[in-house]
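*Asks:* Here it is, the structure in full.
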Amino acid sequence: MKFPIDLSVYKQLVFTTDQKELGVAQREQLKKNIEVVRDSIIFFTALANCKGLGGHTGGAYDIVPEVLIMDGFMKGDDRFHPVFFDEAGHRVALQYIMAVLNGYADVSSLLHYREFEKGLYGHPERDDQRGVFFSSGRLGHLWSYVNGVAEALTDKVLFLLGSDGSQQEGNDAEAARYAVARNLNIKLIIDDNDVTIAGNPSTYMQGFDIAKTLAGQGMAANAGDGEDVDDLFARIRESLLHDGPVALVNKRKMAIGVPGIEGLPKGHDVIPVDMAIAYLESKGYPEAVLILQDMDKPNNGDEYLGSTKETAKCRDDFGKIICEILGQMDKPEDSVIVVDSDLEGSCGLHHIRKNYPQVYVSGGIMERNNFSVAAGFGSVSGKQGIYGTFSAFQEMVISEITMARLNRANVIAHFSHAGVDDMADNTSHFGINNFFADHGLGADDTTRLYFPADALQLKAMLETTFNDEGLRFIYTTRSATPFIEKKTGGRFFEQGYSFIPGKDEIIREGTAGYIVSYGEMLYRCLHVVELLAGEGIDIGLINKPTLNVIDREMLARVGNTKMALVVETQNVKTGLGIRYGTWLLENGFTTNYGYLGTHREGQGGLTEQIPYQGLAIEDILAKVRTLL
């Protein structure tokens, strides 16, 4: 397949600060460059969508004008450090096309955006040879890092691309104060399109003004029209003449000029394929249209022994189940608060917003604040705080979790996107250190880590634990999971099932040994157990939905067999595997023991992430045979 957009239209521009304004020819070429780069981003992100990989179009599309102007200044003066640092990771598509335009990669690489082992991940991951010179992924984490780069490169001027989303993070307030105090030569270029994943900051965060906020930190800051290339050029040039940090806030609509996503939150994610086709048809790219029309989304519908063909997404059902519980209350707003961190659609919280807006807060991209708000509310007798974000971002709120525990807070914290299954955003978004939340002290610690095997168990889990005291962490995967079935048929967690916190569950009996698992690996392990049973090897399967509590009765059952294997997608350094082996030894059991988990940085793709970690069916089978 040949890249269908002719990039020879793009001509490199070179600027210096001696140049006060764009020349006529430069202006026309800059506009052509902007157009061809934006059209290319529309195409190859939509192509990734055709493959089921996602791709995040709008943010990368937005910031093309300022990046191309910055690139021209970098080419014209070696004082300007030639890296497009970006603290908003979902704009990575622009990093990849700039790597092509600057000679680090072939244009054909763009045809493989987000594919497995192609190196074009959903967030920037540093690879100097490919023209990506930094790693980001978690909003608001990069500015302080760039401050450090500026401290190291005192003779250089650095650019940092920001956004009205990333600037909501508290890290940036600290970074701004430091940059001002040290008079670092960093130019902050902020896209203010009034769109984040879940809405419009001007609506859910009234009073927030980026330029005024940064000016209040002591920075020189100004706002202008990001689509006015002459004004944009002049403001960037002026910032380069200023000694010290400067913030340029560029206002525009999200994905301006793209019908169907312009100005809308859905422009944040990948453009729908039909809209991309209509856009590319209107721009005169018939080859690009044909490629998108002819591309079939891959079918990854594998079937597993012992579980249903039907699947459900626990992360979405979380919100539906909470709505059912709220529906049983007379005035839920008196006793419940639900605080979202701009990921409502990914955590199922949007169902609560639609059905019970009186309990709902759109908290913006402020994970630490929002967790503590839920905790503070839940520290009052009879009240319950509910919070949701990605599992990867749990690492950001460990200190807040400690404070919530010390204040005897009641919080249900839903951390979706746990593990690595279907994680298109790759390593920066792996939710593999969930056990960090289990850091309380003493036998009376009520912190509980729960991970349901399927949506039915999630329902039983939430209904049972909703009114419990303390911190309850509910983990769910990005991927859909099938329903676990009984050996005699029927769904394991349907009517007649009761969830008992702290108790492990026998999914299949075994005499030769046991696999212990949970979450999205349980149905895979059940498939392994059924395959082995067909060979006459009697291996059992235990589900451990309460991750951080020892079930001594079940531990003894496992320890008194020939082998035990823990299978999970958590970090092998911090997960259940290293704990379970310790529990066995502490209780006098010396069975042949092993554990499998995440141990490598990702390589992109979706379904490929599990086997890449050595967690495919054949890997589990091989480990069982070795232990036996």
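Labels for the structure tokens follow display order: chains A, B, ..., residues from 1 in each chain, ligands from 1.
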Quick one: residues within 6 Å of Thr476 of chain A, only C-alpha atoms counted, chain neighbours fewer than 6 positions away excluded, as a list in words?

*Replies:*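 Residues near the query, excluding close chain neighbours: Cys314, Arg315, Ser416 and Ala418 of chain A.
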
*Asks:* List the spatial neighbours of segment 404-414 of chain A as a list in words - criterion: any atom at most 7 Å away, only C-alpha atoms, same-chain residues fewer than 2 positions off excluded.

*Replies:*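 Non-adjacent residues within range: Ser372, Ala374, Ala375, Gly376, Gly378, Ser379, Gln384, Gly385, Ile386, Tyr387, Gly388, Thr389, Glu400, Ile401, Thr402, Ser416, Glu469, Gly470, Leu471, Arg472, Phe473, Ile474 and Tyr475 of chain A.
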
*Asks:* If we count only C-alpha atoms, what is near Glu344 of chain A at a cut-off of 8 Å, once residues fewer than 3 positions away on the same chain are taken out, given as a PyMOL selection string?

*Replies:* chain A and resi 198+340-341+347-350+388-389

*Asks:* Quick one: pull the distance between atom CA of Gly605 of chain A and atom CA of Lys309 of chain A, Å, one decimal.

*Replies:* 22.7 Å

*Asks:* Please list as a ChimeraX atom specification every residue within 7 Å of segment 154-168 of chain A, counting only C-alpha atoms and excluding residues in the same chain fewer than 4 positions away.

*Replies:* /A:79-81,84-88,139-140,150,172,185-192,194,196,365-366

*Asks:* Select, from A:Gln12, A:Thr569, A:Asn434, A:Asn370, the residue with the minimum atom-to-atom distance to Glu520 of chain A, counting only C-alpha atoms.

*Replies:*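 Ranked by minimum distance to Glu520 of chain A, first place goes to A:Thr569.
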
*Asks:* Apply DSSP to the backbone of this structure and, from segment 150-185 of chain A, keep only the residues in strand (DSSP E or B); write these as a PyMOL selection string.

*Replies:* chain A and resi 157-163

*Asks:* Dump N, CA and C atoms for the selected residues as an mmCIF file, in the first residue's frame?

*Replies:*
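And here is the file that came out, again_8.cif:
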data_model
loop_
_atom_site.group_PDB
_atom_site.id
_atom_site.type_symbol
_atom_site.label_atom_id
_atom_site.label_comp_id
_atom_site.auth_asym_id
_atom_site.auth_seq_id
_atom_site.Cartn_x
_atom_site.Cartn_y
_atom_site.Cartn_z
ATOM 1 N N VAL A 157 16.862 27.398 23.656
ATOM 2 C CA VAL A 157 15.463 27.779 23.883
ATOM 3 C C VAL A 157 14.619 26.539 23.608
ATOM 4 N N LEU A 158 13.733 26.207 24.545
ATOM 5 C CA LEU A 158 12.923 25.002 24.427
ATOM 6 C C LEU A 158 11.459 25.354 24.185
ATOM 7 N N PHE A 159 10.793 24.502 23.409
ATOM 8 C CA PHE A 159 9.358 24.621 23.187
ATOM 9 C C PHE A 159 8.641 23.494 23.930
ATOM 10 N N LEU A 160 7.500 23.814 24.511
ATOM 11 C CA LEU A 160 6.642 22.808 25.122
ATOM 12 C C LEU A 160 5.205 23.054 24.672
ATOM 13 N N LEU A 161 4.627 22.055 24.033
ATOM 14 C CA LEU A 161 3.235 22.132 23.599
ATOM 15 C C LEU A 161 2.328 21.723 24.746
ATOM 16 N N GLY A 162 1.361 22.574 25.060
ATOM 17 C CA GLY A 162 0.402 22.293 26.122
ATOM 18 C C GLY A 162 -1.012 22.314 25.600
ATOM 19 N N SER A 163 -1.962 22.128 26.494
ATOM 20 C CA SER A 163 -3.373 22.140 26.101
ATOM 21 C C SER A 163 -4.222 22.597 27.276
#

*Asks:* To one decimal place in Å, what is the distance between atom CA of Asp78 of chain A and atom CA of Leu184 of chain A?

*Replies:*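 The value is 17.3 Å.
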
*Asks:* Out of A:Leu111, A:Glu553, A:Ser362, A:Glu333, which residue has the shortest atom-to-atom distance to Met205 of chain A when counting only C-alpha atoms?

*Replies:*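 That would be A:Ser362, the residue with the smallest distance to Met205 of chain A.
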
*Asks:* Write down as a VMD selection string the residues belonging to segment 188-286 of chain A that are assigned helix (DSSP H, G or I) by DSSP computed on the backbone.

*Replies:* chain A and resid 201 to 204 210 to 216 229 to 241 265 to 267 273 to 282 286

*Asks:* Keeping only N, CA and C atoms, write the selected residues as a CSV table (one decimal), in the first residue's frame.

*Replies:*
chain,number,residue,atom,x,y,z
A,201,PRO,N,-14.3,22.6,29.0
A,201,PRO,CA,-13.8,23.2,30.2
A,201,PRO,C,-14.5,24.5,30.6
A,202,SER,N,-14.9,25.3,29.5
A,202,SER,CA,-15.7,26.5,29.8
A,202,SER,C,-17.0,26.3,30.5
A,203,THR,N,-17.5,25.1,30.4
A,203,THR,CA,-18.8,24.7,31.0
A,203,THR,C,-18.6,24.1,32.4
A,204,TYR,N,-17.7,23.0,32.4
A,204,TYR,CA,-17.5,22.3,33.7
A,204,TYR,C,-16.5,22.9,34.6
A,210,ILE,N,-6.6,30.0,31.3
A,210,ILE,CA,-5.2,29.6,31.2
A,210,ILE,C,-4.2,30.7,31.3
A,211,ALA,N,-4.4,31.7,30.4
A,211,ALA,CA,-3.5,32.9,30.4
A,211,ALA,C,-3.4,33.6,31.7
A,212,LYS,N,-4.6,33.8,32.4
A,212,LYS,CA,-4.6,34.5,33.6
A,212,LYS,C,-4.0,33.6,34.7
A,213,THR,N,-4.2,32.3,34.7
A,213,THR,CA,-3.6,31.4,35.6
A,213,THR,C,-2.1,31.5,35.5
A,214,LEU,N,-1.5,31.4,34.3
A,214,LEU,CA,-0.1,31.4,34.2
A,214,LEU,C,0.5,32.8,34.5
A,215,ALA,N,-0.2,33.8,34.1
A,215,ALA,CA,0.2,35.1,34.5
A,215,ALA,C,0.3,35.3,36.0
A,216,GLY,N,-0.7,34.7,36.7
A,216,GLY,CA,-0.7,34.7,38.1
A,216,GLY,C,0.5,33.9,38.8
A,229,VAL,N,-2.4,32.7,11.0
A,229,VAL,CA,-0.9,32.3,10.9
A,229,VAL,C,0.0,33.5,11.0
A,230,ASP,N,-0.5,34.7,10.6
A,230,ASP,CA,0.4,35.9,10.7
A,230,ASP,C,0.5,36.3,12.1
A,231,ASP,N,-0.6,36.3,12.9
A,231,ASP,CA,-0.6,36.7,14.3
A,231,ASP,C,0.2,35.6,15.1
A,232,LEU,N,0.0,34.3,14.7
A,232,LEU,CA,0.6,33.2,15.4
A,232,LEU,C,2.1,33.3,15.2
A,233,PHE,N,2.6,33.6,14.0
A,233,PHE,CA,4.0,33.8,13.7
A,233,PHE,C,4.6,34.9,14.5
A,234,ALA,N,3.9,36.0,14.6
A,234,ALA,CA,4.3,37.2,15.3
A,234,ALA,C,4.5,37.0,16.8
A,235,ARG,N,3.5,36.2,17.3
A,235,ARG,CA,3.5,36.0,18.8
A,235,ARG,C,4.6,35.0,19.1
A,236,ILE,N,4.8,34.0,18.3
A,236,ILE,CA,5.9,33.0,18.5
A,236,ILE,C,7.2,33.7,18.5
A,237,ARG,N,7.4,34.6,17.4
A,237,ARG,CA,8.7,35.3,17.3
A,237,ARG,C,8.9,36.2,18.5
A,238,GLU,N,7.9,36.9,18.9
A,238,GLU,CA,8.0,37.8,20.1
A,238,GLU,C,8.4,37.0,21.3
A,239,SER,N,7.9,35.8,21.5
A,239,SER,CA,8.2,35.0,22.6
A,239,SER,C,9.7,34.6,22.6
A,240,LEU,N,10.2,34.4,21.4
A,240,LEU,CA,11.6,34.0,21.3
A,240,LEU,C,12.6,35.2,21.6
A,241,LEU,N,12.1,36.4,21.4
A,241,LEU,CA,12.9,37.5,21.7
A,241,LEU,C,12.9,37.9,23.2
A,265,PRO,N,-16.4,17.2,21.6
A,265,PRO,CA,-15.5,16.3,22.4
A,265,PRO,C,-15.2,15.1,21.6
A,266,LYS,N,-16.0,14.6,20.7
A,266,LYS,CA,-15.7,13.4,20.0
A,266,LYS,C,-14.5,13.6,19.0
A,267,GLY,N,-14.2,14.9,18.7
A,267,GLY,CA,-13.0,15.2,17.9
A,267,GLY,C,-11.7,14.8,18.6
A,273,VAL,N,-14.8,6.8,10.5
A,273,VAL,CA,-14.3,6.5,9.2
A,273,VAL,C,-15.1,7.2,8.1
A,274,ASP,N,-16.4,7.1,8.3
A,274,ASP,CA,-17.3,7.7,7.3
A,274,ASP,C,-17.1,9.2,7.2
A,275,MET,N,-16.8,9.9,8.3
A,275,MET,CA,-16.5,11.3,8.3
A,275,MET,C,-15.2,11.6,7.7
A,276,ALA,N,-14.2,10.7,7.9
A,276,ALA,CA,-12.9,10.9,7.2
A,276,ALA,C,-13.0,10.7,5.7
A,277,ILE,N,-13.8,9.8,5.3
A,277,ILE,CA,-14.0,9.5,3.9
A,277,ILE,C,-14.7,10.8,3.2
A,278,ALA,N,-15.7,11.3,3.9
A,278,ALA,CA,-16.3,12.5,3.4
A,278,ALA,C,-15.4,13.7,3.3
A,279,TYR,N,-14.6,13.9,4.3
A,279,TYR,CA,-13.6,14.9,4.3
A,279,TYR,C,-12.6,14.8,3.2
A,280,LEU,N,-12.0,13.6,3.1
A,280,LEU,CA,-11.0,13.3,2.1
A,280,LEU,C,-11.5,13.4,0.7
A,281,GLU,N,-12.8,13.0,0.5
A,281,GLU,CA,-13.5,13.2,-0.8
A,281,GLU,C,-13.5,14.7,-1.2
A,282,SER,N,-13.9,15.5,-0.2
A,282,SER,CA,-14.1,16.9,-0.5
A,282,SER,C,-12.7,17.6,-0.8
A,286,PRO,N,-8.9,10.7,-3.9
A,286,PRO,CA,-9.7,9.5,-4.2
A,286,PRO,C,-8.9,8.2,-3.8

*Asks:* Which one of A:Val37, A:Ala437, A:Ala60, A:Leu531 sits closest to Leu101 of chain A if you count only C-alpha atoms?

*Replies:*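 Nearest to Leu101 of chain A: A:Val37.
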
*Asks:* Determine the nearest neighbour of Ile539 of chain A from the options A:Asp445, A:Asp317, A:Glu509, A:Glu66, counting only C-alpha atoms.

*Replies:*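 Distance minimum relative to Ile539 of chain A lands on A:Glu509.
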
*Asks:* For Glu485 of chain A, find every residue with an atom within 10 Å (counting only C-alpha atoms), except residues of its own chain fewer than 6 positions away, and show them as a PDB file with C-alpha atoms, in the first residue's frame.

*Replies:*
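Just written: out17.pdb:
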ATOM      1  CA  LEU A 305     -13.735 -23.263  26.627  1.00  0.00           C
ATOM      2  CA  GLY A 306     -15.678 -22.748  29.836  1.00  0.00           C
ATOM      3  CA  SER A 307     -16.996 -19.254  29.061  1.00  0.00           C
ATOM      4  CA  THR A 308     -19.647 -17.711  26.847  1.00  0.00           C
ATOM      5  CA  ARG A 491     -23.206 -18.786  34.164  1.00  0.00           C
ATOM      6  CA  PHE A 492     -21.128 -19.060  37.299  1.00  0.00           C
ATOM      7  CA  PHE A 493     -22.013 -15.681  38.817  1.00  0.00           C
ATOM      8  CA  GLU A 494     -25.753 -15.653  38.044  1.00  0.00           C
ATOM      9  CA  ILE A 507     -14.083 -22.381  39.455  1.00  0.00           C
ATOM     10  CA  TYR A 523     -11.379 -17.051  31.357  1.00  0.00           C
ATOM     11  CA  LEU A 526     -10.247 -21.693  32.418  1.00  0.00           C
TER      12      LEU A 526
END

*Asks:* One decimal, in Å: what's the spacing between atom CA of Gly440 of chain A and atom CA of Gln394 of chain A?

*Replies:*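 Calculated distance between atom CA of Gly440 of chain A and atom CA of Gln394 of chain A is 15.3 Å.
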
*Asks:* Extract, using only C-alpha atoms, all DNA, RNA and protein residues at most 7 Å from Asp454 of chain A, discarding same-chain residues fewer than 6 positions from it, and format them as a list in words.

*Replies:* Cys314, Thr481, Pro482, Phe483 and Ile484 of chain A

*Asks:* I need the residues from that last selection saved to file as a compact mmCIF listing (two decimals), in the first residue's frame (with all heavy atoms), if you can.

*Replies:*
# COMPACT_ATOMS: atom_id res chain seq x y z
N CYS A 314 -16.93 -4.68 31.73
CA CYS A 314 -17.13 -4.34 33.14
C CYS A 314 -16.98 -2.85 33.38
O CYS A 314 -17.70 -2.27 34.20
CB CYS A 314 -16.14 -5.12 34.01
SG CYS A 314 -16.51 -6.88 34.16
N THR A 481 -14.95 -8.90 28.40
CA THR A 481 -14.67 -10.25 28.86
C THR A 481 -15.93 -11.11 28.74
O THR A 481 -17.05 -10.61 28.91
CB THR A 481 -14.20 -10.26 30.33
OG1 THR A 481 -15.16 -9.56 31.13
CG2 THR A 481 -12.85 -9.59 30.47
N PRO A 482 -15.77 -12.40 28.45
CA PRO A 482 -16.92 -13.30 28.40
C PRO A 482 -17.41 -13.62 29.81
O PRO A 482 -16.77 -13.25 30.81
CB PRO A 482 -16.36 -14.54 27.70
CG PRO A 482 -14.92 -14.55 28.07
CD PRO A 482 -14.51 -13.10 28.13
N PHE A 483 -18.51 -14.34 29.90
CA PHE A 483 -19.06 -14.75 31.19
C PHE A 483 -18.56 -16.14 31.54
O PHE A 483 -18.62 -17.06 30.73
CB PHE A 483 -20.59 -14.73 31.15
CG PHE A 483 -21.16 -13.34 30.96
CD1 PHE A 483 -21.42 -12.86 29.68
CD2 PHE A 483 -21.41 -12.52 32.04
CE1 PHE A 483 -21.93 -11.59 29.50
CE2 PHE A 483 -21.93 -11.24 31.88
CZ PHE A 483 -22.19 -10.76 30.60
N ILE A 484 -18.06 -16.29 32.75
CA ILE A 484 -17.55 -17.58 33.22
C ILE A 484 -18.73 -18.55 33.38
O ILE A 484 -19.79 -18.18 33.91
CB ILE A 484 -16.81 -17.42 34.56
CG1 ILE A 484 -15.64 -16.42 34.41
CG2 ILE A 484 -16.32 -18.76 35.08
CD1 ILE A 484 -14.57 -16.85 33.43

*Asks:* Counting only C-alpha atoms, what is within 9 Å of Gly72 of chain A, bar same-chain residues fewer than 6 positions away, as a ChimeraX atom specification?

*Replies:* /A:12-16
